[in-house]
Structure formats: C-alpha cells, structure tokens
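Step one of this worksheet: look at the structure below.
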Amino acid sequence: MFLLRREARERTTPIGALHRAVMRLGEAERASSRPLQRWLDGVAYVDVQARTYADFWRQQNSLAAAADGPLWVVLGDSTAQGLGASSPLHGYVGQVLNALRRRTGQTWRVVNLSRSGAQTRHVLEDQLPLVEGLGADLVTCGIGNNDILATPPRRFRTQLRSVIDHLPSSSVVMDLTVPDGFWRVGGVCSPYVTGINHLIHTWATGRGLPVAHVSRHARPPWRGLLAPDSFHPNNLGYRHHADALLAALPHQLLRSAPV
C-alpha cells in the first residue's frame, strides 16, 4: 500500500504530466509530420519503460535483500531507473554494478529505491526513510533534474540541502547534467543548473561526501547519446554517467576481495 501511494504521487509530477499530455496527442498530429511521429513514438516507448523498469527493479530489490555481498543503495529519479537504455541493466546503475563486481571480485548487490519522475521531496519523503536498517556499504543519490522546471528555486535549494544533510556517511552525491545546447531551453536553464551544481558540491564537500561530476562527463554534442524521446540518455549516454560515478567512488570500495 505504501508503494502504491508513493507511485501515485510520483505519477503527478510535471515530467509525468508532460509525458501524458504528449501521449494524448491524436493520430492526426502523429501523421502530420514524420519527425514528430518519431518523437511521439519515442516518448511512448520510454513511457512504457517507466512501468516495466520499475517492475524489474522491484523484483531485483527482493532478490538483493535475500542475497549476500556488499550492498549498494541507489536513490534518484528515472536516470537511476535506466529509462532510455535498452534494458534496466544498461543504465548507469547496471553499468556501475558490473564494474564493481569485475574490479573487486565481490558479489555486489544493489537495492534501487529510485522512481521515475522523482523530485527532491520524493527522496526526502519516500526513499531516504527506507535506507535506514539496510546496512548499505554504498549509497548514491542523483536527484534534481525534475525539480529544475517544477520546483520554486528557494524550495528546491532547501529540499536539496536537506537531502544532502540526511544522506549516510557512506554516500556519493551526483551533480546534474548541464543542458548546454539541449533543446531550446538549454541556454536558459544552463546557468541555473550550474548554480545548483555549485551548491551540490559545496554542501556535499562540507559533509565530506564525494561528488560524481556528471556535469563534466555528460556534455554536448548530444547526438548519439539520447534515447528516442530526445530527453533520457541511451546506453552510451549512461556510460558517461557511469564513468562519473566510478571516478568518484572511494578507493577502498574498489579494492579486490582478499584471496
């Protein structure tokens, strides 16, 4: 019941509303322009992924809880779900999980608490309370993309600061992709996002938490890095997110298991 209430709230987020509005466009609009039709089909494709990928991670979370090995807990939004990738495990979570297992020789587990459409308030209200008691060896948090256009700046900063303040000491914080050259809104939003990233680095550093510089790894040109909805990363795009996170992980986590 708790999960149902949480998912119902997240379906009302602005990004979710935008996807639903696009899906409601009629077949006449689809037929009027081939590029428009391809984009609408891309949005529909990712919209279906939001449901199937959430189901996948729920099942994986149950398996991880019953298994042994170091535990990684993921907090975040649709990028942590892997939306836009060809499978949930081709998002940055799956790519980093494979790297952790390969580099350390340990059977790392992952519990992915992220939700598509999540904002900072969802991490505070729904995701962070579930972390306590899991005994995580690593917690990562990448949140804020859905707040950029949806949350008033002062509230966004307050909630983001609260998220960082309440993260466990074993956490790595991910900054935000700066939308330089991304659609027509990129030039307008980029200075704002850059300012938010400065706060993320300041607050995380103040707590002694590493920061994954996604803003340095995921940069234009975007051609070849985006999913069919022209918004979420594809497999290659998530590779840049994974590289940023791996570079920020504490060295002791990447040590090989003793023989």
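Simple scheme: letters A, B, ... for chains in structure tokens order, numbers from 1 for residues in each chain, numbers from 1 for ligands in the order shown.
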
Next item on the list: Considering only C-alpha atoms, return as a ChimeraX atom specification whatever protein or nucleic-acid residues lie within 9 Å of Arg103 (chain A), sequence-local ones (same chain, fewer than 3 positions apart) excluded.
Entry: /A:98-100,106,254-256

Check: Skipping near chain neighbours, those fewer than 3 positions away, what residues fall within 8 Å of region 201-218 of chain A using only C-alpha atoms, listed as a PyMOL selection string?
Finding: chain A and resi 161+164-165+169-178+197-198+237+240-241+243-250

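If only C-alpha atoms are the atoms counted, then among A:Thr120, A:Ser86, A:Gln127, A:Gln159 the closest residue to Gly144 (chain A) is A:Thr120.
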
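Take the candidates A:Pro179, A:Ser116, A:Pro191, A:Asn146 and check each one against Gln49 (chain A) using only C-alpha atoms; the shortest distance goes to A:Ser116.
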
Margin query: If you run DSSP on the backbone here, which positions in region 15-196 of chain A get strand (DSSP E)? Please write them as number ranges by chain.
Written below: A: 71-76, 109-112, 138-142, 171-174

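Rounded to one decimal, CA of Ile143 (chain A) and CA of Gly76 (chain A) lie 5.0 Å from each other.
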
Checklist line | Per-residue DSSP, region 107-174 of chain A, filtered to alpha helix (DSSP H), as JSON, numbers by chain | finding: {"A": [120, 121, 122, 128, 129, 130, 131, 153, 154, 155, 156, 157, 158, 159, 160, 161, 162, 163, 164, 165, 166]}

Can you write just those residues out, C-alpha atoms, as an mmCIF file, in the first residue's frame?
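File result-v9.cif, as written:
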data_model
loop_
_atom_site.group_PDB
_atom_site.id
_atom_site.type_symbol
_atom_site.label_atom_id
_atom_site.label_comp_id
_atom_site.auth_asym_id
_atom_site.auth_seq_id
_atom_site.Cartn_x
_atom_site.Cartn_y
_atom_site.Cartn_z
ATOM 1 C CA THR A 120 13.975 16.072 -4.137
ATOM 2 C CA ARG A 121 10.842 15.886 -1.980
ATOM 3 C CA HIS A 122 10.294 12.259 -3.011
ATOM 4 C CA LEU A 128 15.654 8.100 2.404
ATOM 5 C CA PRO A 129 13.427 6.608 5.142
ATOM 6 C CA LEU A 130 13.920 3.184 3.524
ATOM 7 C CA VAL A 131 17.732 3.365 3.678
ATOM 8 C CA PRO A 153 14.105 27.826 -6.641
ATOM 9 C CA ARG A 154 14.071 28.557 -2.909
ATOM 10 C CA ARG A 155 12.152 25.370 -2.117
ATOM 11 C CA PHE A 156 14.402 23.387 -4.464
ATOM 12 C CA ARG A 157 17.530 24.609 -2.697
ATOM 13 C CA THR A 158 16.048 23.923 0.739
ATOM 14 C CA GLN A 159 14.977 20.390 -0.155
ATOM 15 C CA LEU A 160 18.236 19.609 -1.914
ATOM 16 C CA ARG A 161 20.230 20.786 1.094
ATOM 17 C CA SER A 162 18.060 18.609 3.335
ATOM 18 C CA VAL A 163 18.651 15.569 1.112
ATOM 19 C CA ILE A 164 22.422 16.014 1.298
ATOM 20 C CA ASP A 165 22.317 16.657 5.042
ATOM 21 C CA HIS A 166 20.416 13.413 5.657
#

Checklist line | Counting only C-alpha atoms, the option among A:Leu167, A:Val46, A:Ile200, A:Leu138 closest to Ala85 (chain A) | finding: A:Val46

Note to self: Taking only C-alpha atoms into account, name the residue in A:Gly84, A:Gly105, A:Pro70, A:Pro152 that is nearest to Leu226 (chain A).
What the structure shows: A:Gly84

Item checked: All residues 10 Å or closer to Asp137 (chain A), only C-alpha atoms, same chain fewer than 2 positions away omitted, as an NGL selection string -> :A and (69-73 or 108-109 or 134-135 or 139 or 168-171 or 253)

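We find CA of Asn145 (chain A) and CA of Val111 (chain A) to be spaced 21.2 Å apart.
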
Note to self: Show me, as a PyMOL selection string, the residues that have an atom within 9 Å of Thr79 (chain A) when counting only C-alpha atoms, minus same-chain residues fewer than 3 positions from it.
What the structure shows: chain A and resi 76+82-84+91-93+114-116+142+232-233+238

Can you write out the residues you just picked, keeping all heavy atoms, as a short mmCIF file (atom, residue, chain, number, x, y, z; two decimals), in the first residue's frame?
data_model
loop_
_atom_site.label_atom_id
_atom_site.label_comp_id
_atom_site.auth_asym_id
_atom_site.auth_seq_id
_atom_site.Cartn_x
_atom_site.Cartn_y
_atom_site.Cartn_z
N GLY A 76 17.18 8.22 -6.36
CA GLY A 76 17.15 9.09 -7.53
C GLY A 76 15.86 9.03 -8.32
O GLY A 76 14.81 8.67 -7.80
N GLY A 82 17.19 3.87 -15.28
CA GLY A 82 17.76 3.48 -16.57
C GLY A 82 16.86 3.75 -17.75
O GLY A 82 17.08 3.23 -18.85
N LEU A 83 15.84 4.60 -17.57
CA LEU A 83 14.93 4.89 -18.68
C LEU A 83 15.70 5.45 -19.88
O LEU A 83 16.55 6.31 -19.74
CB LEU A 83 13.86 5.90 -18.25
CG LEU A 83 12.50 5.30 -17.85
CD1 LEU A 83 12.67 4.42 -16.63
CD2 LEU A 83 11.48 6.38 -17.59
N GLY A 84 15.37 4.92 -21.04
CA GLY A 84 16.05 5.31 -22.27
C GLY A 84 17.07 4.30 -22.72
O GLY A 84 17.38 4.21 -23.91
N GLY A 91 21.44 0.98 -18.00
CA GLY A 91 21.53 2.30 -17.42
C GLY A 91 22.81 2.41 -16.60
O GLY A 91 23.60 1.46 -16.51
N TYR A 92 23.01 3.56 -15.95
CA TYR A 92 24.28 3.72 -15.24
C TYR A 92 24.36 2.79 -14.03
O TYR A 92 25.46 2.34 -13.66
CB TYR A 92 24.52 5.17 -14.85
CG TYR A 92 23.80 5.69 -13.62
CD1 TYR A 92 24.25 5.39 -12.33
CD2 TYR A 92 22.69 6.53 -13.74
CE1 TYR A 92 23.60 5.88 -11.21
CE2 TYR A 92 22.04 7.02 -12.63
CZ TYR A 92 22.50 6.70 -11.36
OH TYR A 92 21.85 7.18 -10.25
N VAL A 93 23.23 2.46 -13.41
CA VAL A 93 23.26 1.56 -12.25
C VAL A 93 23.78 0.18 -12.66
O VAL A 93 24.68 -0.38 -12.02
CB VAL A 93 21.88 1.45 -11.60
CG1 VAL A 93 21.88 0.38 -10.50
CG2 VAL A 93 21.46 2.80 -11.01
N SER A 114 15.09 4.25 -6.43
CA SER A 114 14.71 5.39 -7.28
C SER A 114 13.33 5.17 -7.88
O SER A 114 12.81 4.05 -7.93
CB SER A 114 15.73 5.58 -8.40
OG SER A 114 15.68 4.50 -9.32
N ARG A 115 12.73 6.28 -8.34
CA ARG A 115 11.44 6.22 -9.01
C ARG A 115 11.43 7.22 -10.17
O ARG A 115 11.93 8.33 -10.04
CB ARG A 115 10.28 6.57 -8.05
CG ARG A 115 9.97 5.49 -7.02
CD ARG A 115 9.42 4.23 -7.66
NE ARG A 115 9.07 3.21 -6.67
CZ ARG A 115 9.91 2.27 -6.23
NH1 ARG A 115 11.16 2.27 -6.66
NH2 ARG A 115 9.51 1.37 -5.36
N SER A 116 10.84 6.80 -11.27
CA SER A 116 10.70 7.71 -12.41
C SER A 116 9.86 8.91 -12.02
O SER A 116 8.82 8.77 -11.37
CB SER A 116 10.03 6.96 -13.57
OG SER A 116 9.83 7.81 -14.67
N GLY A 142 21.37 10.75 -7.01
CA GLY A 142 21.34 11.69 -8.12
C GLY A 142 19.93 12.21 -8.28
O GLY A 142 19.05 11.49 -8.77
N HIS A 232 16.01 11.41 -22.26
CA HIS A 232 16.79 10.49 -21.43
C HIS A 232 18.03 10.00 -22.18
O HIS A 232 18.02 9.95 -23.41
CB HIS A 232 15.95 9.29 -21.02
CG HIS A 232 14.86 9.62 -20.04
ND1 HIS A 232 13.60 10.01 -20.44
CD2 HIS A 232 14.86 9.63 -18.69
CE1 HIS A 232 12.85 10.24 -19.37
NE2 HIS A 232 13.59 10.03 -18.30
N PRO A 233 19.08 9.63 -21.46
CA PRO A 233 20.26 9.05 -22.13
C PRO A 233 19.94 7.67 -22.70
O PRO A 233 19.02 6.99 -22.25
CB PRO A 233 21.29 8.93 -20.99
CG PRO A 233 20.80 9.84 -19.91
CD PRO A 233 19.30 9.82 -20.02
N TYR A 238 24.41 6.80 -20.86
CA TYR A 238 24.57 6.34 -19.47
C TYR A 238 26.00 5.93 -19.17
O TYR A 238 26.41 5.92 -18.00
CB TYR A 238 23.61 5.20 -19.18
CG TYR A 238 22.20 5.65 -18.87
CD1 TYR A 238 21.12 5.24 -19.63
CD2 TYR A 238 21.95 6.51 -17.79
CE1 TYR A 238 19.82 5.65 -19.34
CE2 TYR A 238 20.66 6.93 -17.49
CZ TYR A 238 19.61 6.50 -18.27
OH TYR A 238 18.32 6.93 -17.99
#

Item checked: Counting only C-alpha atoms, the option among A:Tyr53, A:Tyr45, A:Trp222, A:Tyr192 closest to Ser87 (chain A) -> A:Tyr53
